[in-house]
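For reference, the structure discussed in these notes is given below.
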Amino acid sequence: MSSLIPLLLETADPRPERLAKILGKDKAEVERELEELRQDKTILGWMPILNPEKTDAENVRAVIEVKISPEREGGFDRMALRISKFEEVESCYLMSGGYDLLVFVSGKTLKSVALFISERLATIEGVLSTATHFLLRPYKEQSHLLVQEGTIEEKPPVSA
Amino acid sequence: MNPESYVADHVRGLPRSGIRDFFAIVSEMPQAISLGIGEPDFVTPWKIREASIFALEKGKTSYTDNRGLLSLRKEISRYVSSFFGPEYDPSSEILVTVGVSEAIDVALRSILNPGDKVLYHEPCYVSYAPSVTLAFGEAIPVATSPDNSFALDPDAFEKAWEPGCKVLMLNFPTNPTGGTADLEKLQRLAKFAVEKDLIVISDEIYAELTYEGEHVSLASLPGMQERTLLLHGFSKAFAMTGFRVGFACGPDWLIDAMMKIHQYCMMCAPILSQEAAIEALAHGSDAVAKMKEQYFQRRNFVIRRFNEMGLTCHLPRGSFYAFPSVEETGLNEVDFCHRLLREKEVAVVPGTAFGPHGKNHVRASFSTSYEKLVEATDRIELFVEILASENQNREVG
């Protein structure tokens, strides 16, 4: 694995000059490595992790358990890809257990999400059933707790 | 009334910790980036904290056995055997203490008669010499050298030995230098300890944070377990400084003696901390490994930066401290720290806070985020450039 990846995950700072400084490499070398990671799709993109409670955007998110019938030569893949291509779908996973796909969906309103599920998702041939759960309140996003912790004002600035 | 006369002579004579003096100055500059903190920047892993909360919910608020919870001592015995090597009987050879600091104090008070001498290496953790003094012993410092990365030097101990020496006190990996002890040197030191019939107090609190090679405990060498007190705790590798829990493993006669003092002055370590410690030993190794990997990467960055900017710095093979020399700048370690703090708002600790042999060095902890480490080292570099240009102007003038 590229030495850039753990550092990117820790610092969330993709600036080549910063990465180069920390790793003791040339900026050009880091730029080349980053480009390789993009090209081979190890790095898929960048996205800020927002605290949903602090953003103005009203967004509704739902998680949907989808049962589908597997196809003879494609298994679940073709159906899963077909569902994933909708822009309302944030993530889609094949699951073990009581259902087949776990689909994260977002939309501007409850109505728009509900319409997407009832009119687009549930009506795809091969989708046997859906069970929808709307997300009410986030407590942790992408490993980030949404409550501050670990800052103790009394912690001494210098200690033995 | 003369208040001074009511303070015991040996306490009045104790110097104030250099850390304390510096702390007072840094405290007034909350915006400064501090590389002066001697503890992990990680919060204690949640599963360990949760174990303590669960114990509280279950109403575990009592005293425990003076020696510590038997279940904890059993876990300690298992962990020490697998990580350090030697086997200790949980019922008679392990004492749970309030941090390693208490274990050092109680051990020295158990062993020393007034005037007995203790050999210890320096620079070292701030409490060693004062703890010896408070136990009415005589502390004999043995310098470790930047020439060999402040590693254990058995020859220096042999040279420093004199009649009346009873104890050898070690801390490898070392705070503040990151020095370590390899097997060959430990074997030579063990031979010396046996020849001179010394008891060894070995504080191995940073053992898990060894980056090159395996940590070797002196107690694991043939013939050493019977004369070694192995001290360890949870503050550093498990990021549990505030829990204040550590332990001593040693021969039953010494643990018995320590117990006598511990039961009268401390009673027992807090039960909630002991419960957290059980969880740490049983299920904390993944979290320790993750933190260690981050310290390792940060160490490599910080040491490279110090050397790039002209502050010669050996590679600390353990702990989370860099100990660069500031001699080249023309400033002594105290002036360097004060000016750096005032002019660039970065706090590092003068090496002499860890004993006179820390002269011309400063301690910089790399237990902090990359964001702060990058900014702090950039500022130190600027400061070093300013000092170089001052020196040049002085020469020209």
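Labels used: A, B, ... for chains in the order of the structure tokens, numbers from 1 for residues in each chain, and numbers from 1 for ligands as shown.
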Exercise answer, chain A residues close to chain B, 6 Å and only C-alpha atoms, as a PyMOL selection string: chain A and resi 22+150+158-160
How would the residues just chosen look if you wrote them out with C-alpha atoms as a short mmCIF file (atom, residue, chain, number, x, y, z; two decimals), in the first residue's frame?
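Final file, out_28.cif:
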```
data_model
loop_
_atom_site.label_atom_id
_atom_site.label_comp_id
_atom_site.auth_asym_id
_atom_site.auth_seq_id
_atom_site.Cartn_x
_atom_site.Cartn_y
_atom_site.Cartn_z
CA ILE A 22 5.94 15.06 6.14
CA GLY A 150 -10.81 14.87 24.69
CA VAL A 158 3.87 21.21 29.82
CA SER A 159 4.35 18.05 31.84
CA ALA A 160 7.10 15.62 32.79
#
```
Those of region 47-141 of chain B in DSSP helix (DSSP H, G or I), formatted as a PyMOL selection string: chain B and resi 47-57+70-83+99-111+128-134
Would you output that residue set with N, CA and C atoms, as a short mmCIF file (atom, residue, chain, number, x, y, z; two decimals), in the first residue's frame?
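The resulting file, out_7.cif, is shown below:
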```cif
data_model
loop_
_atom_site.label_atom_id
_atom_site.label_comp_id
_atom_site.auth_asym_id
_atom_site.auth_seq_id
_atom_site.Cartn_x
_atom_site.Cartn_y
_atom_site.Cartn_z
N LYS B 47 -13.10 1.54 24.56
CA LYS B 47 -13.49 0.31 25.25
C LYS B 47 -12.91 0.26 26.67
N ILE B 48 -11.77 0.92 26.86
CA ILE B 48 -11.15 0.97 28.20
C ILE B 48 -11.95 1.92 29.09
N ARG B 49 -12.30 3.09 28.52
CA ARG B 49 -13.11 4.03 29.30
C ARG B 49 -14.46 3.42 29.65
N GLU B 50 -15.02 2.71 28.68
CA GLU B 50 -16.34 2.13 28.87
C GLU B 50 -16.32 1.08 29.98
N ALA B 51 -15.21 0.35 30.08
CA ALA B 51 -15.11 -0.66 31.14
C ALA B 51 -15.16 0.01 32.52
N SER B 52 -14.55 1.19 32.60
CA SER B 52 -14.56 1.93 33.86
C SER B 52 -15.96 2.45 34.17
N ILE B 53 -16.66 2.93 33.14
CA ILE B 53 -18.03 3.42 33.32
C ILE B 53 -18.94 2.27 33.76
N PHE B 54 -18.75 1.13 33.12
CA PHE B 54 -19.58 -0.04 33.45
C PHE B 54 -19.37 -0.42 34.92
N ALA B 55 -18.12 -0.39 35.35
CA ALA B 55 -17.83 -0.73 36.75
C ALA B 55 -18.51 0.26 37.70
N LEU B 56 -18.52 1.51 37.30
CA LEU B 56 -19.17 2.54 38.12
C LEU B 56 -20.68 2.28 38.19
N GLU B 57 -21.26 1.95 37.03
CA GLU B 57 -22.70 1.66 37.00
C GLU B 57 -23.04 0.45 37.85
N LEU B 70 -7.48 -9.06 42.42
CA LEU B 70 -6.80 -10.30 42.01
C LEU B 70 -6.96 -10.52 40.50
N SER B 71 -8.15 -10.16 39.98
CA SER B 71 -8.37 -10.36 38.54
C SER B 71 -7.40 -9.50 37.72
N LEU B 72 -7.09 -8.31 38.22
CA LEU B 72 -6.12 -7.45 37.52
C LEU B 72 -4.72 -8.05 37.65
N ARG B 73 -4.39 -8.51 38.85
CA ARG B 73 -3.04 -9.09 39.01
C ARG B 73 -2.86 -10.32 38.13
N LYS B 74 -3.94 -11.07 37.95
CA LYS B 74 -3.84 -12.24 37.04
C LYS B 74 -3.61 -11.78 35.61
N GLU B 75 -4.33 -10.73 35.20
CA GLU B 75 -4.13 -10.20 33.85
C GLU B 75 -2.71 -9.67 33.69
N ILE B 76 -2.22 -8.97 34.73
CA ILE B 76 -0.85 -8.44 34.68
C ILE B 76 0.14 -9.59 34.51
N SER B 77 -0.07 -10.64 35.30
CA SER B 77 0.83 -11.79 35.24
C SER B 77 0.86 -12.37 33.82
N ARG B 78 -0.33 -12.52 33.22
CA ARG B 78 -0.42 -13.06 31.87
C ARG B 78 0.27 -12.13 30.86
N TYR B 79 -0.02 -10.82 30.97
CA TYR B 79 0.52 -9.85 30.02
C TYR B 79 2.06 -9.75 30.14
N VAL B 80 2.53 -9.67 31.38
CA VAL B 80 3.98 -9.53 31.60
C VAL B 80 4.70 -10.77 31.06
N SER B 81 4.12 -11.92 31.31
CA SER B 81 4.75 -13.15 30.82
C SER B 81 4.84 -13.15 29.29
N SER B 82 3.76 -12.70 28.63
CA SER B 82 3.79 -12.75 27.17
C SER B 82 4.60 -11.62 26.56
N PHE B 83 4.58 -10.44 27.17
CA PHE B 83 5.30 -9.30 26.56
C PHE B 83 6.74 -9.18 27.05
N GLY B 99 0.07 4.54 39.61
CA GLY B 99 1.08 4.93 38.63
C GLY B 99 2.45 4.35 38.98
N VAL B 100 3.37 4.46 38.02
CA VAL B 100 4.73 3.98 38.28
C VAL B 100 5.42 4.89 39.29
N SER B 101 5.00 6.15 39.34
CA SER B 101 5.64 7.09 40.27
C SER B 101 5.52 6.60 41.71
N GLU B 102 4.32 6.11 42.06
CA GLU B 102 4.17 5.60 43.43
C GLU B 102 5.05 4.37 43.63
N ALA B 103 5.11 3.52 42.60
CA ALA B 103 5.91 2.30 42.72
C ALA B 103 7.38 2.65 42.97
N ILE B 104 7.88 3.68 42.28
CA ILE B 104 9.29 4.10 42.47
C ILE B 104 9.49 4.56 43.91
N ASP B 105 8.60 5.40 44.38
CA ASP B 105 8.70 5.94 45.73
C ASP B 105 8.68 4.81 46.76
N VAL B 106 7.69 3.94 46.65
CA VAL B 106 7.53 2.87 47.62
C VAL B 106 8.71 1.89 47.56
N ALA B 107 9.18 1.62 46.35
CA ALA B 107 10.31 0.70 46.20
C ALA B 107 11.56 1.26 46.89
N LEU B 108 11.83 2.54 46.62
CA LEU B 108 13.04 3.13 47.21
C LEU B 108 12.92 3.19 48.73
N ARG B 109 11.75 3.54 49.22
CA ARG B 109 11.58 3.58 50.68
C ARG B 109 11.67 2.19 51.30
N SER B 110 11.32 1.17 50.53
CA SER B 110 11.41 -0.20 51.04
C SER B 110 12.85 -0.69 51.10
N ILE B 111 13.66 -0.22 50.19
CA ILE B 111 15.01 -0.80 50.04
C ILE B 111 16.09 -0.02 50.78
N TYR B 128 13.29 10.82 39.59
CA TYR B 128 14.22 9.80 40.11
C TYR B 128 15.10 10.30 41.27
N ALA B 129 15.88 11.34 41.02
CA ALA B 129 16.79 11.81 42.07
C ALA B 129 16.01 12.30 43.30
N PRO B 130 14.94 13.11 43.12
CA PRO B 130 14.18 13.53 44.31
C PRO B 130 13.59 12.35 45.09
N SER B 131 13.15 11.31 44.39
CA SER B 131 12.58 10.16 45.11
C SER B 131 13.65 9.48 45.97
N VAL B 132 14.88 9.43 45.45
CA VAL B 132 15.98 8.85 46.22
C VAL B 132 16.24 9.71 47.46
N THR B 133 16.28 11.02 47.25
CA THR B 133 16.52 11.94 48.37
C THR B 133 15.44 11.79 49.43
N LEU B 134 14.19 11.71 49.00
CA LEU B 134 13.09 11.60 49.95
C LEU B 134 13.13 10.28 50.72
#
```
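All residues of protein, DNA or RNA that reach within 7 Å of region 95-108 of chain A, judged by only C-alpha atoms and not counting those fewer than 3 positions away in the chain, are Glu58, Asn59, Val60, Arg61, Ala62, Val63, Ile64, Glu65, Val66, Lys67, Ile68, Glu88, Val89, Glu90, Ser91, Cys92, Ser112 and Val113 of chain A.
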Of the listed residues B:Asp252, B:Glu162, B:Glu327, B:Asp182, that which approaches Gln225 (chain B) most closely, counting only C-alpha atoms: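 Looking only at the distances to Gln225 (chain B), the closest residue turns out to be B:Asp252.
The spacing separating CA of Thr97 (chain B) from CA of Met259 (chain B) amounts to 9.7 Å.
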Nearest candidate to Ala239 (chain B) (options B:Arg12, B:His357, B:His121, B:Lys290; using only C-alpha atoms): B:Lys290
Atom pair CA of Val127 (chain A) / CA of Ser69 (chain A): separation (Å):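 So the two atoms, CA of Val127 (chain A) and CA of Ser69 (chain A), lie 6.7 Å apart.
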Residue neighbourhood region 151-154 of chain B, 6 Å, only C-alpha atoms, exclusion window fewer than 2 positions, as an MDAnalysis selection string: chainID B and resid 148:149 156:157 179:181 189
Pick out the residues sitting within 9 Å of Pro14 (chain A), and hand them over as an mmCIF file with N, CA and C atoms, in the first residue's frame; count only C-alpha atoms, and ignore anything fewer than 5 positions along from it in its own chain.
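part.cif was written with the following content:
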```cif
data_model
loop_
_atom_site.group_PDB
_atom_site.id
_atom_site.type_symbol
_atom_site.label_atom_id
_atom_site.label_comp_id
_atom_site.auth_asym_id
_atom_site.auth_seq_id
_atom_site.Cartn_x
_atom_site.Cartn_y
_atom_site.Cartn_z
ATOM 1 N N LEU A 8 -2.924 10.284 4.372
ATOM 2 C CA LEU A 8 -4.133 10.977 3.897
ATOM 3 C C LEU A 8 -5.305 10.699 4.832
ATOM 4 N N LEU A 19 2.218 16.836 2.052
ATOM 5 C CA LEU A 19 2.516 15.401 2.109
ATOM 6 C C LEU A 19 4.015 15.166 1.890
ATOM 7 N N LEU A 34 0.105 10.411 -6.225
ATOM 8 C CA LEU A 34 -1.318 10.734 -6.088
ATOM 9 C C LEU A 34 -2.051 10.452 -7.392
ATOM 10 N N TRP A 46 -12.542 13.152 -3.453
ATOM 11 C CA TRP A 46 -12.429 13.849 -2.173
ATOM 12 C C TRP A 46 -13.802 14.392 -1.799
#
```
Point-to-point distance from CA of Met224 (chain B) to CA of Gly246 (chain B), Å rounded to tenths: 21.3 Å
Shortest interatomic distance to Thr109 (chain A) - which of A:Ala12, A:Ala122, A:Ala131, A:Ala57, counting only C-alpha atoms: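 Once distances to Thr109 (chain A) are computed over only C-alpha atoms, the minimum belongs to A:Ala57.
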Which of chain A fall in strand (DSSP E or B), as a ChimeraX atom specification: /A:60-68,71,75,89-94,101-107,127-134,140-141,144-145
Just the selected residues (C-alpha atoms), exported as a compact mmCIF listing (two decimals), in the first residue's frame, please.
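Saved result, part-v6.txt, follows:
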```
# COMPACT_ATOMS: atom_id res chain seq x y z
CA VAL A 60 -33.29 13.68 4.19
CA ARG A 61 -31.42 10.40 4.32
CA ALA A 62 -32.78 6.90 4.37
CA VAL A 63 -31.33 3.45 4.50
CA ILE A 64 -33.21 0.81 2.52
CA GLU A 65 -33.00 -2.94 2.85
CA VAL A 66 -33.64 -4.37 -0.61
CA LYS A 67 -34.38 -7.97 -1.48
CA ILE A 68 -33.64 -8.87 -5.09
CA GLU A 71 -29.67 -13.62 -12.03
CA GLY A 75 -25.58 -12.95 -9.56
CA VAL A 89 -28.07 6.58 -4.10
CA GLU A 90 -25.07 7.52 -1.92
CA SER A 91 -23.82 4.00 -1.25
CA CYS A 92 -24.88 0.48 -2.00
CA TYR A 93 -23.62 -2.75 -0.42
CA LEU A 94 -24.29 -6.44 -0.95
CA LEU A 101 -28.64 -4.91 -0.70
CA LEU A 102 -28.28 -2.09 1.79
CA VAL A 103 -28.84 1.19 -0.04
CA PHE A 104 -28.20 4.67 1.37
CA VAL A 105 -30.36 7.29 -0.31
CA SER A 106 -30.61 11.04 0.15
CA GLY A 107 -32.97 13.70 -1.11
CA VAL A 127 -36.60 -6.09 -6.76
CA LEU A 128 -38.69 -8.30 -4.52
CA SER A 129 -39.19 -5.97 -1.56
CA THR A 130 -37.87 -2.88 0.19
CA ALA A 131 -37.85 -1.83 3.86
CA THR A 132 -37.06 1.84 4.36
CA HIS A 133 -35.67 3.47 7.52
CA PHE A 134 -35.26 7.24 7.68
CA LYS A 140 -20.95 9.67 14.28
CA GLU A 141 -20.02 10.38 10.65
CA HIS A 144 -15.93 11.50 13.41
CA LEU A 145 -17.90 11.83 16.61
```
